[in-house]
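What follows is a single structure, written as structure tokens, with notes after it.
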Amino acid sequence: MRAFRTVLEQRIKERRQTLEEFAEFAETFAREHGEPGTLSARHLQRLAAGRGPHGRPLGPVRPATARLLEQIFDLGIDQLLAPPARPTRPKDGSRTFADLDEALGWLDERAGWAFGTSRRKVASQLEEVDAGELRERQARSTEALRSDMTKALLDYYGESVPGHDAYRLRCDNVDVTTSILTRPMWLDLACPLTTDTERLALDYSAATATGRDFEAGPAIDRLVEAAAMGVRMANAPVYRLVSVDVRPGRISGTVGTASFAEYALGLDLLEGELGDVVTAGPLTGMDLRDRYLPDLASVVNLTSRLCVGGVVALCAIARESGDYALLVQERSGHVLNAARRLSLVPKGFHQHLMEPRADVQVSATMLRKMEGELFGRVEVDLTTAERRAAAPMHPGRLSAPMHWLTAEPGRMKLECTGFGLNLVSGNYEFAGLIVINDDEFWTRFGGEIEANWEASGMRLYSSLDRELLIHLIHDESWSNEGLFALLQGFRRLGDIGGSRVDLPMLELISPPTASGR
């Protein structure tokens, strides 16, 4: 969910064009009207975001580019780069929440209400909402320490279920515990993501979760917050995990599909509730968790509940300096979950672009998120792009960095390093590792790597800086799934990285029967 950041971004969206499509249109427009201005998709992405590289201010726009945009939209460049004005709220509750239409319709159907009931409820409550107070409450919730949230979850659930335990490591004589519920066979996978090892299968008959009674009140509250903050919710389908068999060298299982709104207005609310409870002081009741995930048996029983999830991968890029550049992102406040927390990049929900069966493998999501989060491919962003291209990941449409990586075998290695179930909201998490061993890539394309709107900033670490990496591990602002993928990535990279790495020593202490490095 996110708001339009500039009038330019809003106007392009109203034209029902992706940034790439508009950039092509602008080039044609310039030629036909004798304008000297040029506009690449990457430059357009920065203008639409209203910020320059690494979140810096844009600075002056080139006069030729400004004239070109002004002529296309008949608005001054200052107006185009300004945030859009918030619409007024009519007193009769007739406001149309265009960005929330699909979620509102889904909620009417799920709650058994007459069409339009959700819209009227949101409009009524919206009149009493203070957006400033909402932002302050969200900020307080995200200030909860990761270790405190993990302890609250482990205290809530008590004893583990047989064969499962929270993922724990010892780093620099300090224990690190996460909310990722895992098993010995789900760790140390060293599983290359290939057609031989990825065996996830799509079963359309498993598309609808049975689950527990749905709670409509908190769903309305979330939609009120979305409307008050001027954000939108893209109801793209997500994969729902039904069964899983993960072990070293193989990933298999069954997935169905589910509505993203079902997750966003249900299980995803548990993260915010947990943050509120932890920051409020002494632990009080967690009513939503009592309803949706009351015990560990419900967490591991995938057939009885909605279980969506995704991929988080450590990206290690070889450099001429003899190390790997390691990428870490600071999540923005516009993302649905793990907002304002550290994570790895790429990170994304397990979803399909065009073909549900063809995109079901973990590697498909990983490559799509690389294109969107690192290489600026807006059309593969399921929250913003109109899906008009028949094959968005066709070799002919790939970005220059991705085209180079896939042009020859061996330039990039994708692996799955671990799997677990996140107690925060019940999500399944595939931890991944992306290794680029040819340092020519960094020389040619390192300057083109730039985070998209999902990140408020990006950090770069050297794989030879052991001291700094230890501090990174103990940073309390991590998301649990991000830290899980980081630690599993370090353990695997330590085995295969050779002289390019000097990583912290990590001793796996949970599950008890798993081996550690």
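In the structure tokens, chains take the letters A, B, ... in the order shown, each chain's residues start at 1, and ligands count up from 1 in the order shown.
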
task = From a DSSP pass on the backbone, collect the residues of region 145-228 of chain A flagged as helix (DSSP H, G or I) and hand them back as a PyMOL selection string.
result = chain A and resi 146-157+184-186+204-206+216-228

query = Which value, in Å to one decimal, gives the distance between CA of Asp203 (chain A) and CA of Thr257 (chain A)?
reply =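 One can read the CA of Asp203 (chain A) to CA of Thr257 (chain A) distance as 8.2 Å.
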
message = Give me, as a PyMOL selection string, the residues of region 160-409 of chain A that a backbone DSSP run labels strand (DSSP E or B).
response = chain A and resi 165-171+174-182+187-192+198-202+232+238-247+250-258+309-318+324-331+342-344+347-349

Can I get the selection written as a PDB file, in the first residue's frame, with C-alpha atoms?
```
ATOM      1  CA  ASP A 165      11.731 -24.856  17.307  1.00  0.00           C
ATOM      2  CA  ALA A 166      12.495 -21.164  17.049  1.00  0.00           C
ATOM      3  CA  TYR A 167      15.603 -20.438  14.966  1.00  0.00           C
ATOM      4  CA  ARG A 168      18.508 -19.528  17.271  1.00  0.00           C
ATOM      5  CA  LEU A 169      22.176 -18.785  16.707  1.00  0.00           C
ATOM      6  CA  ARG A 170      25.095 -17.711  18.822  1.00  0.00           C
ATOM      7  CA  CYS A 171      27.135 -14.862  17.363  1.00  0.00           C
ATOM      8  CA  VAL A 174      25.567 -13.573  22.247  1.00  0.00           C
ATOM      9  CA  ASP A 175      22.471 -15.651  21.519  1.00  0.00           C
ATOM     10  CA  VAL A 176      20.210 -14.413  18.734  1.00  0.00           C
ATOM     11  CA  THR A 177      16.646 -15.746  18.725  1.00  0.00           C
ATOM     12  CA  THR A 178      14.132 -15.159  15.940  1.00  0.00           C
ATOM     13  CA  SER A 179      10.408 -15.719  15.493  1.00  0.00           C
ATOM     14  CA  ILE A 180      11.039 -18.183  12.658  1.00  0.00           C
ATOM     15  CA  LEU A 181       9.724 -21.643  13.507  1.00  0.00           C
ATOM     16  CA  THR A 182      11.877 -24.180  11.707  1.00  0.00           C
ATOM     17  CA  LEU A 187      18.130 -25.635   7.311  1.00  0.00           C
ATOM     18  CA  ASP A 188      21.499 -25.951   5.569  1.00  0.00           C
ATOM     19  CA  LEU A 189      19.654 -26.655   2.339  1.00  0.00           C
ATOM     20  CA  ALA A 190      22.376 -25.558  -0.112  1.00  0.00           C
ATOM     21  CA  CYS A 191      19.666 -25.988  -2.710  1.00  0.00           C
ATOM     22  CA  PRO A 192      20.386 -24.497  -6.146  1.00  0.00           C
ATOM     23  CA  GLU A 198      12.224 -26.792  -7.469  1.00  0.00           C
ATOM     24  CA  ARG A 199       9.117 -28.947  -7.346  1.00  0.00           C
ATOM     25  CA  LEU A 200       6.367 -26.681  -6.031  1.00  0.00           C
ATOM     26  CA  ALA A 201       3.045 -27.550  -7.674  1.00  0.00           C
ATOM     27  CA  LEU A 202      -0.073 -25.420  -8.118  1.00  0.00           C
ATOM     28  CA  ARG A 232      -3.938   2.057  -1.943  1.00  0.00           C
ATOM     29  CA  VAL A 238      -0.765 -14.548  -3.800  1.00  0.00           C
ATOM     30  CA  TYR A 239       0.262 -18.152  -3.451  1.00  0.00           C
ATOM     31  CA  ARG A 240      -1.116 -19.973  -0.431  1.00  0.00           C
ATOM     32  CA  LEU A 241       1.035 -22.796   0.966  1.00  0.00           C
ATOM     33  CA  VAL A 242      -0.922 -26.007   1.508  1.00  0.00           C
ATOM     34  CA  SER A 243       1.870 -28.539   2.031  1.00  0.00           C
ATOM     35  CA  VAL A 244       5.637 -28.403   2.026  1.00  0.00           C
ATOM     36  CA  ASP A 245       8.520 -30.862   1.836  1.00  0.00           C
ATOM     37  CA  VAL A 246      11.805 -28.983   2.089  1.00  0.00           C
ATOM     38  CA  ARG A 247      15.112 -30.735   2.617  1.00  0.00           C
ATOM     39  CA  ARG A 250      15.058 -30.124  -2.873  1.00  0.00           C
ATOM     40  CA  ILE A 251      11.997 -27.895  -2.505  1.00  0.00           C
ATOM     41  CA  SER A 252       8.616 -29.470  -3.075  1.00  0.00           C
ATOM     42  CA  GLY A 253       5.082 -28.893  -1.925  1.00  0.00           C
ATOM     43  CA  THR A 254       1.665 -27.688  -2.984  1.00  0.00           C
ATOM     44  CA  VAL A 255       0.291 -24.171  -3.241  1.00  0.00           C
ATOM     45  CA  GLY A 256      -3.071 -22.708  -4.083  1.00  0.00           C
ATOM     46  CA  THR A 257      -3.941 -19.086  -4.743  1.00  0.00           C
ATOM     47  CA  ALA A 258      -5.606 -16.569  -2.475  1.00  0.00           C
ATOM     48  CA  GLY A 309       4.651 -15.865   2.349  1.00  0.00           C
ATOM     49  CA  GLY A 310       7.598 -15.006   0.223  1.00  0.00           C
ATOM     50  CA  VAL A 311      11.300 -14.834  -0.440  1.00  0.00           C
ATOM     51  CA  VAL A 312      14.081 -12.883   1.299  1.00  0.00           C
ATOM     52  CA  ALA A 313      17.558 -13.235  -0.194  1.00  0.00           C
ATOM     53  CA  LEU A 314      21.083 -12.145   0.668  1.00  0.00           C
ATOM     54  CA  CYS A 315      22.621 -10.671  -2.472  1.00  0.00           C
ATOM     55  CA  ALA A 316      26.437 -10.971  -2.644  1.00  0.00           C
ATOM     56  CA  ILE A 317      28.168  -9.291  -5.585  1.00  0.00           C
ATOM     57  CA  ALA A 318      31.887  -9.813  -6.221  1.00  0.00           C
ATOM     58  CA  TYR A 324      31.484  -9.251  -1.949  1.00  0.00           C
ATOM     59  CA  ALA A 325      29.206  -6.237  -1.710  1.00  0.00           C
ATOM     60  CA  LEU A 326      26.291  -7.231   0.551  1.00  0.00           C
ATOM     61  CA  LEU A 327      22.993  -5.365   0.133  1.00  0.00           C
ATOM     62  CA  VAL A 328      20.718  -4.418   3.041  1.00  0.00           C
ATOM     63  CA  GLN A 329      17.602  -2.273   2.782  1.00  0.00           C
ATOM     64  CA  GLU A 330      15.810  -0.021   5.234  1.00  0.00           C
ATOM     65  CA  ARG A 331      12.135  -0.698   4.533  1.00  0.00           C
ATOM     66  CA  LEU A 342      15.934  -3.658   8.175  1.00  0.00           C
ATOM     67  CA  SER A 343      15.707  -6.448   5.665  1.00  0.00           C
ATOM     68  CA  LEU A 344      17.587  -7.852   2.740  1.00  0.00           C
ATOM     69  CA  LYS A 347      12.338  -9.302  -0.557  1.00  0.00           C
ATOM     70  CA  GLY A 348       8.862  -9.994  -1.830  1.00  0.00           C
ATOM     71  CA  PHE A 349       5.615 -11.908  -1.601  1.00  0.00           C
TER      72      PHE A 349
END
```

task = Please provide the set of residues having any atom within 10 Å of region 23-35 of chain A, restricted to only C-alpha atoms, with same-chain residues fewer than 2 positions apart removed, written as a PyMOL selection string.
result = chain A and resi 17-21+37-45+64-65+67-69+71-72

request  = Please provide as a PyMOL selection string all residues within 6 Å of region 437-450 of chain A, with the sequence filter that same-chain residues fewer than 4 positions apart are discarded (counting only C-alpha atoms).
outcome  = chain A and resi 318-320+374-375

request  = Find, counting only C-alpha atoms, the residue in A:Gly52, A:Pro36, A:Pro392, A:Gly105 that gets nearest to Ser259 (chain A).
outcome  =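 Looking only at the distances to Ser259 (chain A), the closest residue turns out to be A:Gly105.
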
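Counting only C-alpha atoms and comparing A:Arg492, A:Arg146, A:Arg135, A:Arg222, the residue that lies closest to Glu415 (chain A) is A:Arg492.
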
query = Closest to Phe4 (chain A) among A:Val277, A:Val335, A:Ala49, A:Ile496, using only C-alpha atoms?
reply = A:Ala49

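Excluding Leu47 (chain A) itself and any same-chain residue fewer than 5 positions from it, the protein and nucleic acid residues within 10 Å of it, counting only C-alpha atoms, are Arg5, Thr6, Leu8, Glu9, Ala41, Arg42, Gly52, Leu58, Val61, Leu80 and Leu81 of chain A.
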
Give me a file of those residues, with C-alpha atoms, as a short mmCIF file (atom, residue, chain, number, x, y, z; two decimals), in the first residue's frame.
```cif
data_model
loop_
_atom_site.label_atom_id
_atom_site.label_comp_id
_atom_site.auth_asym_id
_atom_site.auth_seq_id
_atom_site.Cartn_x
_atom_site.Cartn_y
_atom_site.Cartn_z
CA ARG A 5 4.24 10.70 -4.19
CA THR A 6 3.95 13.36 -6.89
CA LEU A 8 3.52 13.42 -12.09
CA GLU A 9 3.22 9.87 -10.76
CA ALA A 41 12.65 5.22 -17.52
CA ARG A 42 15.14 5.43 -14.62
CA GLY A 52 17.07 11.59 -6.31
CA LEU A 58 15.95 15.94 -6.75
CA VAL A 61 15.30 19.51 -13.49
CA LEU A 80 4.13 18.08 -11.40
CA LEU A 81 6.82 17.33 -8.82
#
```

ask   = Hey, which of A:Ile436, A:Leu503, A:Leu154, A:Ala339 ends up closest to Leu464 (chain A)? Count only C-alpha atoms.
value =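 Using only C-alpha atoms, Leu464 (chain A) sits closest to A:Leu503.
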
message = Using Å and a single decimal, report how far CA of Leu296 (chain A) sits from CA of Gly489 (chain A).
response =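 If I compute the distance from CA of Gly489 (chain A) to CA of Leu296 (chain A), I get 26.4 Å.
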